[in-house]
Amino acid sequence: MIRKILANSMVLFIIFIILAIIIPLPVIIQDFMIMLNIALSLIILIMTMFIKEALEFSVFPTVLLLSTVLRLSLNISTTRSILSGGGSGNISNVIKAFGNFVMGGDAIVGFLIFIIIVLVNFIVITKGSERVSEVAARFTLDAMPGKQMAIDADLNSGLINEEDAKRRRSNIQREADFYGSMDGATKFVKGDAIMSIITTLVNLIGGVIIGMVRNGGDFGTILNTYSLATVGDGLCSQIPALLISVATGMIVTRAASDDSLMHDLKSQFTAQPFVMLIAGIVVIVMMFIPGFPKIVMLILGVLLIVGAIMLERNKKKMAELELAQRMKAEQAELDKPKTDNDYYRDIDNVFKLLNVEPIEMEFGYSLLRLVDEKSGGNFIDRVVIFRKQFAMDMGMVIPSVRMTDNPEINPNMYIIKIKGEEVARGEILVDHYLALDSGDVTTQIEGIDTVEPAFGLPAKWISEDKKIMADVAGYTLIDPVSVMITHWSEIMKNYAHEMLSRQDVNTMVENVKKNNPIVVDDLIPKVISIGYLQKVLANLLKEGIPIRDLETVLETLGDHTNVLKDIDIATEYVRQSLKRTITHRFAEANSLRVITLDTQIEDMIVSSVKKNDQGSYLAMAPDVIQSIVAATNNEIDKIKDVIPTVIILTSPVVRIYFKKLTEQFISNITVLSYSEIDASAQIQAIGNISLTANVMAG
């Protein structure tokens, strides 16, 4: 009810202000409205000092308009009274009092003082506020997209919720609207100042003319009479206008603060007692300038120095108190268990999140007992055994494996990650065995159909009570840990070339240097860098070639410095130097069953090799590549059931290019050259890849 009455009263008041422009007001109402105008202006000024941000007084542009209309209405009403009342007749008592007080009996001096007040308001305060409002409005609008993006980022990261985001977006929009309104509202202040000057001239000039024409009399008396009325009326409008202008300037210049103006003035002026001390000393020194008031300056300087000393003492006490409180709070914080948000407030802890583990494995909770040694799990032991065996076979040490549980995945699932990215996953039934059909199965056993994760073979999960039956029926049974370690080991073999770091290579080189320092000192870093050697070794690992004989690798690179620019060609020479190792790795009983490559295809590949500054590459038409790949697939299909590992034998100059040509389309094949096979090994060709008429037509 009260709010409704106030709202209606405000409507009636605004209508009254507008009507006062037309309707003459009695003297008593003029006095009341003039004092009300001054009081409202004072309230607005004081309010701008105590708000913490501009949006706390968001109605200010509208208040600025209403106060301007009120002053203009009063100006018109009082001007009517001055001109119609003969300058000293039926005019406001407030106007007379202001005129007498300022003029002090001298019309010219009083009028000049009034002009100075008007110009200060118009030129200094109003123009400055207008400029600040324009800049603030433009910068606020320009900053809106960035502020909106910051809110979206905080919302996506979980720092704020949807309600906070809506509130902050609303505040940004309100802030933009406020400063946009202030940019226009300052024009009211400027126009009001101009109208005050015009009204003053009208009152003075028009009053003198009217006094001379209508009343006659002495010109000095008439000028004095109308000057008093003009100055009094001008001050009645200029004092509120000056207060409003100052309030406008204060509200548009509020920046980089989270508190009120009074608090900021107190905290910031008292923050540097040393500055106040220097000012006091300077004032005392200026006392000795001839003609300066020594007593006044001495008192002022002493007050500044004493104030500075007191502030410094108070500052030290506050610092000691804050230190004690901070130490107490830090101790309480240390004693309190930390949440994730508290932990990551330390930026150093955030940087720890950037570390990427070379190898990671994540387990569902059902698989944890296979990994946990306290629960009898032996997966970690199997990893250690594989790492040792892989180092002996391939010459590379597999990095440590970071094992964690992941409650978000299937309880029976595990995930393998390389450098933070998932490369494989599988599912294990802990209380079951994986049954593989070896080809000799006589009786089918019921189980859960699945796929063996390492090689993609069809299999079944059977329960422990059917283990004996499955064994008798001819199934190959694998326990869950073996399934998982087999899958993991195959992944390690496939990605070993990616996990070989320069630090690993440097450690390997230092190990070689202990026994053969000459070969290392001659090459590294004079001829090749650790990075170059790492790339060569990675090329070897990628195709399953052991790098354990690092001395031979280094010596070969040293013998072929003319081809070091092309890493692929340099790797080919290294492979040829490791021919005994390669033969031993791929031969069975010193015998190799291979598929040969037709000389026509080799000639086509050789003729398509192009060279540039970085090395050589294969430039071949897509249809020719498709024909070669199709011919290779046809030949592999013929013998894949006969031999477990497909080996394709080519000439040395062709091997690297044929491997690159086919590796995108055909996996799990080994490409060797004649120069990479030891002379003692027997080679048996069981197929030949050629571009027959049918393949070419296809």
# chains A, B, ... in the order shown; residues from 1 in each chain; ligands from 1
call {"tool": "residues_around", "arguments": {"residues": "Ile239 in chain A", "least_positions_apart": "6", "cutoff": "9 Å", "atoms": "only C-alpha atoms", "output": "list in words"}}
result
Ile38, Ser41 and Ile117 of chain A
call {"tool": "residues_around", "arguments": {"residues": "Asn539 in chain A", "least_positions_apart": "4", "cutoff": "10 Å", "atoms": "only C-alpha atoms", "output": "list in words"}}
result
His497, Glu498, Leu533, Gln534, Lys535, Glu543, Gly544, Ile545, Ile567, Asp568, Thr571, Glu572 and Arg575 of chain A
call {"tool": "write_last_selection", "arguments": {"atoms": "N, CA, C and O atoms", "output": "compact mmCIF listing (two decimals), in the first residue's frame"}}
result
# COMPACT_ATOMS: atom_id res chain seq x y z
N HIS A 497 58.11 -47.80 -30.93
CA HIS A 497 58.82 -46.73 -31.62
C HIS A 497 58.35 -45.34 -31.16
O HIS A 497 59.10 -44.37 -31.23
N GLU A 498 57.10 -45.24 -30.69
CA GLU A 498 56.59 -43.96 -30.19
C GLU A 498 57.07 -43.69 -28.77
O GLU A 498 57.21 -42.53 -28.37
N LEU A 533 69.64 -40.02 -34.04
CA LEU A 533 69.78 -41.43 -33.69
C LEU A 533 68.44 -41.99 -33.19
O LEU A 533 68.08 -43.14 -33.50
N GLN A 534 67.71 -41.18 -32.44
CA GLN A 534 66.41 -41.63 -31.94
C GLN A 534 65.45 -41.94 -33.09
O GLN A 534 64.69 -42.90 -33.05
N LYS A 535 65.47 -41.12 -34.15
CA LYS A 535 64.60 -41.37 -35.30
C LYS A 535 64.99 -42.65 -36.03
O LYS A 535 64.12 -43.41 -36.47
N GLU A 543 59.35 -51.52 -37.37
CA GLU A 543 59.23 -52.73 -38.18
C GLU A 543 59.72 -53.97 -37.44
O GLU A 543 59.99 -55.01 -38.05
N GLY A 544 59.83 -53.86 -36.10
CA GLY A 544 60.15 -55.03 -35.29
C GLY A 544 61.59 -55.45 -35.33
O GLY A 544 61.90 -56.62 -35.06
N ILE A 545 62.51 -54.52 -35.64
CA ILE A 545 63.94 -54.85 -35.69
C ILE A 545 64.56 -54.49 -34.34
O ILE A 545 64.45 -53.35 -33.88
N ILE A 567 67.01 -39.88 -43.68
CA ILE A 567 66.97 -40.81 -42.55
C ILE A 567 66.52 -42.19 -42.98
O ILE A 567 67.02 -43.21 -42.48
N ASP A 568 65.58 -42.27 -43.92
CA ASP A 568 65.08 -43.57 -44.36
C ASP A 568 66.19 -44.38 -45.03
O ASP A 568 66.32 -45.59 -44.79
N THR A 571 68.62 -45.57 -42.48
CA THR A 571 68.06 -46.71 -41.74
C THR A 571 68.22 -48.00 -42.54
O THR A 571 68.46 -49.07 -41.96
N GLU A 572 68.09 -47.91 -43.87
CA GLU A 572 68.25 -49.10 -44.70
C GLU A 572 69.66 -49.67 -44.59
O GLU A 572 69.84 -50.89 -44.50
N ARG A 575 69.89 -51.47 -41.32
CA ARG A 575 69.21 -52.78 -41.40
C ARG A 575 70.12 -53.83 -42.06
O ARG A 575 70.18 -54.98 -41.62
call {"tool": "closest_residue", "arguments": {"among": "A:Asp381, A:Met394, A:Leu500, A:Lys493", "to": "Pro358 in chain A", "atoms": "only C-alpha atoms"}}
result
A:Leu500
call {"tool": "atom_distance", "arguments": {"atom1": "CA of Ile44 in chain A", "atom2": "CA of Ala247 in chain A"}}
result
6.7 Å
call {"tool": "select_by_dssp", "arguments": {"residues": "range 321-534 of chain A", "states": "helix (DSSP H, G or I)", "output": "NGL selection string"}}
result
:A and (321-335 or 340-343 or 347-354 or 365-371 or 373-375 or 379-394 or 464-473 or 480-494 or 496-499 or 502-515 or 517-523 or 530-534)
call {"tool": "residues_around", "arguments": {"residues": "Met413 in chain A", "least_positions_apart": "3", "cutoff": "6 Å", "atoms": "only C-alpha atoms", "output": "short mmCIF file (atom, residue, chain, number, x, y, z; two decimals) with N, CA and C atoms, in the first residue's frame"}}
result
data_model
loop_
_atom_site.label_atom_id
_atom_site.label_comp_id
_atom_site.auth_asym_id
_atom_site.auth_seq_id
_atom_site.Cartn_x
_atom_site.Cartn_y
_atom_site.Cartn_z
N GLY A 364 38.56 -51.20 -14.44
CA GLY A 364 37.29 -51.22 -13.74
C GLY A 364 37.47 -51.89 -12.39
N ASN A 410 33.24 -49.61 -17.52
CA ASN A 410 32.64 -50.90 -17.18
C ASN A 410 33.50 -51.61 -16.13
N GLY A 426 39.81 -53.53 -23.52
CA GLY A 426 39.31 -54.91 -23.54
C GLY A 426 38.48 -55.18 -22.31
N GLU A 427 37.79 -56.31 -22.35
CA GLU A 427 36.96 -56.71 -21.22
C GLU A 427 37.39 -58.09 -20.75
#
call {"tool": "residues_around", "arguments": {"residues": "Ile601 in chain A", "least_positions_apart": "2", "cutoff": "12 Å", "atoms": "only C-alpha atoms", "output": "PDB file with N, CA, C and O atoms, in the first residue's frame"}}
result
ATOM      1  N   THR A 596      58.000 -63.249 -53.097  1.00  0.00           N
ATOM      2  CA  THR A 596      58.895 -62.357 -53.830  1.00  0.00           C
ATOM      3  C   THR A 596      58.095 -61.301 -54.591  1.00  0.00           C
ATOM      4  O   THR A 596      56.878 -61.425 -54.779  1.00  0.00           O
ATOM      5  N   LEU A 597      58.795 -60.294 -55.020  1.00  0.00           N
ATOM      6  CA  LEU A 597      58.183 -59.183 -55.749  1.00  0.00           C
ATOM      7  C   LEU A 597      58.670 -59.200 -57.188  1.00  0.00           C
ATOM      8  O   LEU A 597      59.876 -59.289 -57.450  1.00  0.00           O
ATOM      9  N   ASP A 598      57.737 -59.147 -58.105  1.00  0.00           N
ATOM     10  CA  ASP A 598      58.062 -59.214 -59.522  1.00  0.00           C
ATOM     11  C   ASP A 598      58.933 -58.025 -59.925  1.00  0.00           C
ATOM     12  O   ASP A 598      58.780 -56.915 -59.405  1.00  0.00           O
ATOM     13  N   THR A 599      59.857 -58.283 -60.852  1.00  0.00           N
ATOM     14  CA  THR A 599      60.777 -57.225 -61.291  1.00  0.00           C
ATOM     15  C   THR A 599      60.035 -56.079 -61.975  1.00  0.00           C
ATOM     16  O   THR A 599      60.494 -54.928 -61.931  1.00  0.00           O
ATOM     17  N   ASP A 603      60.655 -52.273 -60.928  1.00  0.00           N
ATOM     18  CA  ASP A 603      61.070 -51.238 -61.883  1.00  0.00           C
ATOM     19  C   ASP A 603      60.118 -50.038 -61.822  1.00  0.00           C
ATOM     20  O   ASP A 603      60.552 -48.880 -61.917  1.00  0.00           O
ATOM     21  N   MET A 604      58.820 -50.303 -61.673  1.00  0.00           N
ATOM     22  CA  MET A 604      57.843 -49.210 -61.578  1.00  0.00           C
ATOM     23  C   MET A 604      58.090 -48.371 -60.328  1.00  0.00           C
ATOM     24  O   MET A 604      57.999 -47.143 -60.357  1.00  0.00           O
ATOM     25  N   ILE A 605      58.409 -49.042 -59.234  1.00  0.00           N
ATOM     26  CA  ILE A 605      58.665 -48.315 -57.991  1.00  0.00           C
ATOM     27  C   ILE A 605      59.932 -47.476 -58.112  1.00  0.00           C
ATOM     28  O   ILE A 605      59.958 -46.300 -57.718  1.00  0.00           O
ATOM     29  N   VAL A 606      61.001 -48.055 -58.643  1.00  0.00           N
ATOM     30  CA  VAL A 606      62.262 -47.333 -58.775  1.00  0.00           C
ATOM     31  C   VAL A 606      62.089 -46.104 -59.659  1.00  0.00           C
ATOM     32  O   VAL A 606      62.600 -45.012 -59.365  1.00  0.00           O
ATOM     33  N   SER A 607      61.344 -46.250 -60.742  1.00  0.00           N
ATOM     34  CA  SER A 607      61.154 -45.122 -61.656  1.00  0.00           C
ATOM     35  C   SER A 607      60.261 -44.031 -61.063  1.00  0.00           C
ATOM     36  O   SER A 607      60.243 -42.909 -61.563  1.00  0.00           O
ATOM     37  N   SER A 608      59.519 -44.360 -59.993  1.00  0.00           N
ATOM     38  CA  SER A 608      58.614 -43.377 -59.377  1.00  0.00           C
ATOM     39  C   SER A 608      59.235 -42.672 -58.186  1.00  0.00           C
ATOM     40  O   SER A 608      58.579 -41.827 -57.563  1.00  0.00           O
ATOM     41  N   MET A 620      53.668 -41.982 -57.235  1.00  0.00           N
ATOM     42  CA  MET A 620      53.064 -42.993 -58.094  1.00  0.00           C
ATOM     43  C   MET A 620      51.572 -42.712 -58.239  1.00  0.00           C
ATOM     44  O   MET A 620      50.918 -42.234 -57.304  1.00  0.00           O
ATOM     45  N   VAL A 624      47.874 -47.156 -60.061  1.00  0.00           N
ATOM     46  CA  VAL A 624      48.985 -48.118 -60.029  1.00  0.00           C
ATOM     47  C   VAL A 624      49.165 -48.642 -58.605  1.00  0.00           C
ATOM     48  O   VAL A 624      49.377 -49.841 -58.386  1.00  0.00           O
ATOM     49  N   ILE A 625      49.085 -47.726 -57.626  1.00  0.00           N
ATOM     50  CA  ILE A 625      49.185 -48.158 -56.225  1.00  0.00           C
ATOM     51  C   ILE A 625      48.090 -49.159 -55.907  1.00  0.00           C
ATOM     52  O   ILE A 625      48.331 -50.195 -55.261  1.00  0.00           O
ATOM     53  N   SER A 627      46.591 -51.179 -57.913  1.00  0.00           N
ATOM     54  CA  SER A 627      46.875 -52.460 -58.582  1.00  0.00           C
ATOM     55  C   SER A 627      47.921 -53.258 -57.809  1.00  0.00           C
ATOM     56  O   SER A 627      47.779 -54.477 -57.629  1.00  0.00           O
ATOM     57  N   ILE A 628      48.974 -52.565 -57.317  1.00  0.00           N
ATOM     58  CA  ILE A 628      50.020 -53.266 -56.566  1.00  0.00           C
ATOM     59  C   ILE A 628      49.462 -53.803 -55.254  1.00  0.00           C
ATOM     60  O   ILE A 628      49.752 -54.943 -54.857  1.00  0.00           O
ATOM     61  N   VAL A 629      48.661 -53.001 -54.569  1.00  0.00           N
ATOM     62  CA  VAL A 629      48.063 -53.442 -53.308  1.00  0.00           C
ATOM     63  C   VAL A 629      47.135 -54.632 -53.544  1.00  0.00           C
ATOM     64  O   VAL A 629      47.139 -55.610 -52.768  1.00  0.00           O
ATOM     65  N   ALA A 631      47.292 -56.835 -55.974  1.00  0.00           N
ATOM     66  CA  ALA A 631      48.105 -58.017 -56.285  1.00  0.00           C
ATOM     67  C   ALA A 631      48.739 -58.586 -55.023  1.00  0.00           C
ATOM     68  O   ALA A 631      48.819 -59.811 -54.846  1.00  0.00           O
ATOM     69  N   THR A 632      49.183 -57.712 -54.135  1.00  0.00           N
ATOM     70  CA  THR A 632      49.774 -58.169 -52.878  1.00  0.00           C
ATOM     71  C   THR A 632      48.750 -58.897 -52.019  1.00  0.00           C
ATOM     72  O   THR A 632      49.028 -59.962 -51.456  1.00  0.00           O
ATOM     73  N   THR A 650      62.183 -58.224 -51.286  1.00  0.00           N
ATOM     74  CA  THR A 650      62.393 -57.304 -52.408  1.00  0.00           C
ATOM     75  C   THR A 650      63.874 -57.022 -52.555  1.00  0.00           C
ATOM     76  O   THR A 650      64.696 -57.468 -51.751  1.00  0.00           O
ATOM     77  N   SER A 651      64.211 -56.258 -53.571  1.00  0.00           N
ATOM     78  CA  SER A 651      65.585 -55.789 -53.724  1.00  0.00           C
ATOM     79  C   SER A 651      65.836 -54.665 -52.732  1.00  0.00           C
ATOM     80  O   SER A 651      64.902 -54.002 -52.276  1.00  0.00           O
ATOM     81  N   VAL A 654      64.328 -51.138 -53.294  1.00  0.00           N
ATOM     82  CA  VAL A 654      62.869 -51.045 -53.388  1.00  0.00           C
ATOM     83  C   VAL A 654      62.212 -51.203 -52.020  1.00  0.00           C
ATOM     84  O   VAL A 654      61.105 -50.726 -51.794  1.00  0.00           O
ATOM     85  N   ARG A 655      62.862 -51.870 -51.088  1.00  0.00           N
ATOM     86  CA  ARG A 655      62.213 -52.303 -49.854  1.00  0.00           C
ATOM     87  C   ARG A 655      61.474 -51.188 -49.110  1.00  0.00           C
ATOM     88  O   ARG A 655      60.295 -51.301 -48.763  1.00  0.00           O
ATOM     89  N   TYR A 657      60.400 -48.280 -50.047  1.00  0.00           N
ATOM     90  CA  TYR A 657      59.277 -47.665 -50.755  1.00  0.00           C
ATOM     91  C   TYR A 657      58.088 -48.618 -50.844  1.00  0.00           C
ATOM     92  O   TYR A 657      56.935 -48.186 -50.735  1.00  0.00           O
ATOM     93  N   PHE A 658      58.358 -49.908 -51.027  1.00  0.00           N
ATOM     94  CA  PHE A 658      57.262 -50.877 -51.057  1.00  0.00           C
ATOM     95  C   PHE A 658      56.597 -50.979 -49.687  1.00  0.00           C
ATOM     96  O   PHE A 658      55.372 -51.101 -49.575  1.00  0.00           O
ATOM     97  N   LEU A 661      54.440 -48.016 -49.260  1.00  0.00           N
ATOM     98  CA  LEU A 661      53.293 -48.075 -50.157  1.00  0.00           C
ATOM     99  C   LEU A 661      52.185 -48.975 -49.607  1.00  0.00           C
ATOM    100  O   LEU A 661      50.997 -48.676 -49.741  1.00  0.00           O
ATOM    101  N   ASN A 688      54.623 -65.153 -55.595  1.00  0.00           N
ATOM    102  CA  ASN A 688      55.213 -64.034 -56.316  1.00  0.00           C
ATOM    103  C   ASN A 688      54.128 -63.002 -56.607  1.00  0.00           C
ATOM    104  O   ASN A 688      53.055 -63.344 -57.107  1.00  0.00           O
ATOM    105  N   ILE A 689      54.450 -61.749 -56.263  1.00  0.00           N
ATOM    106  CA  ILE A 689      53.497 -60.659 -56.499  1.00  0.00           C
ATOM    107  C   ILE A 689      53.797 -60.060 -57.864  1.00  0.00           C
ATOM    108  O   ILE A 689      54.886 -59.533 -58.105  1.00  0.00           O
ATOM    109  N   SER A 690      52.823 -60.151 -58.752  1.00  0.00           N
ATOM    110  CA  SER A 690      53.006 -59.631 -60.102  1.00  0.00           C
ATOM    111  C   SER A 690      51.719 -58.974 -60.565  1.00  0.00           C
ATOM    112  O   SER A 690      50.622 -59.309 -60.098  1.00  0.00           O
ATOM    113  N   LEU A 691      51.872 -58.052 -61.498  1.00  0.00           N
ATOM    114  CA  LEU A 691      50.708 -57.368 -62.062  1.00  0.00           C
ATOM    115  C   LEU A 691      50.221 -58.150 -63.272  1.00  0.00           C
ATOM    116  O   LEU A 691      50.621 -57.897 -64.414  1.00  0.00           O
ATOM    117  N   THR A 692      49.364 -59.124 -63.034  1.00  0.00           N
ATOM    118  CA  THR A 692      48.802 -59.929 -64.121  1.00  0.00           C
ATOM    119  C   THR A 692      47.792 -59.097 -64.892  1.00  0.00           C
ATOM    120  O   THR A 692      47.391 -58.002 -64.498  1.00  0.00           O
ATOM    121  N   MET A 696      45.666 -55.843 -63.540  1.00  0.00           N
ATOM    122  CA  MET A 696      45.801 -54.552 -64.211  1.00  0.00           C
ATOM    123  C   MET A 696      44.450 -54.074 -64.712  1.00  0.00           C
ATOM    124  O   MET A 696      44.107 -52.895 -64.619  1.00  0.00           O
TER     125      MET A 696
END
call {"tool": "closest_residue", "arguments": {"among": "A:Ala459, A:Met49, A:Val519, A:Ala324", "to": "Gly447 in chain A", "atoms": "only C-alpha atoms"}}
result
A:Ala459
call {"tool": "residues_around", "arguments": {"residues": "range 576-583 of chain A", "least_positions_apart": "3", "cutoff": "6 Å", "atoms": "only C-alpha atoms", "output": "PyMOL selection string"}}
result
chain A and resi 573+586-587+675-678
call {"tool": "residues_around", "arguments": {"residues": "Lys96 in chain A", "least_positions_apart": "5", "cutoff": "8 Å", "atoms": "only C-alpha atoms", "output": "list in words"}}
result
Ile91, Leu228, Ala229 and Gly232 of chain A
call {"tool": "write_last_selection", "arguments": {"atoms": "N, CA and C atoms", "output": "PDB file, in the first residue's frame"}}
result
ATOM      1  N   ILE A  91       9.078  37.976  -5.613  1.00  0.00           N
ATOM      2  CA  ILE A  91      10.056  36.928  -5.934  1.00  0.00           C
ATOM      3  C   ILE A  91      10.395  36.164  -4.667  1.00  0.00           C
ATOM      4  N   LEU A 228      20.791  41.701  -8.340  1.00  0.00           N
ATOM      5  CA  LEU A 228      20.551  40.915  -7.119  1.00  0.00           C
ATOM      6  C   LEU A 228      19.618  39.743  -7.408  1.00  0.00           C
ATOM      7  N   ALA A 229      18.524  40.057  -8.114  1.00  0.00           N
ATOM      8  CA  ALA A 229      17.568  38.990  -8.437  1.00  0.00           C
ATOM      9  C   ALA A 229      18.176  37.957  -9.378  1.00  0.00           C
ATOM     10  N   GLY A 232      20.813  35.837  -7.453  1.00  0.00           N
ATOM     11  CA  GLY A 232      20.121  34.947  -6.523  1.00  0.00           C
ATOM     12  C   GLY A 232      19.425  33.809  -7.227  1.00  0.00           C
TER      13      GLY A 232
END
call {"tool": "closest_residue", "arguments": {"among": "A:Ala473, A:Ile244, A:Val118, A:Met327", "to": "Thr199 in chain A", "atoms": "only C-alpha atoms"}}
result
A:Val118
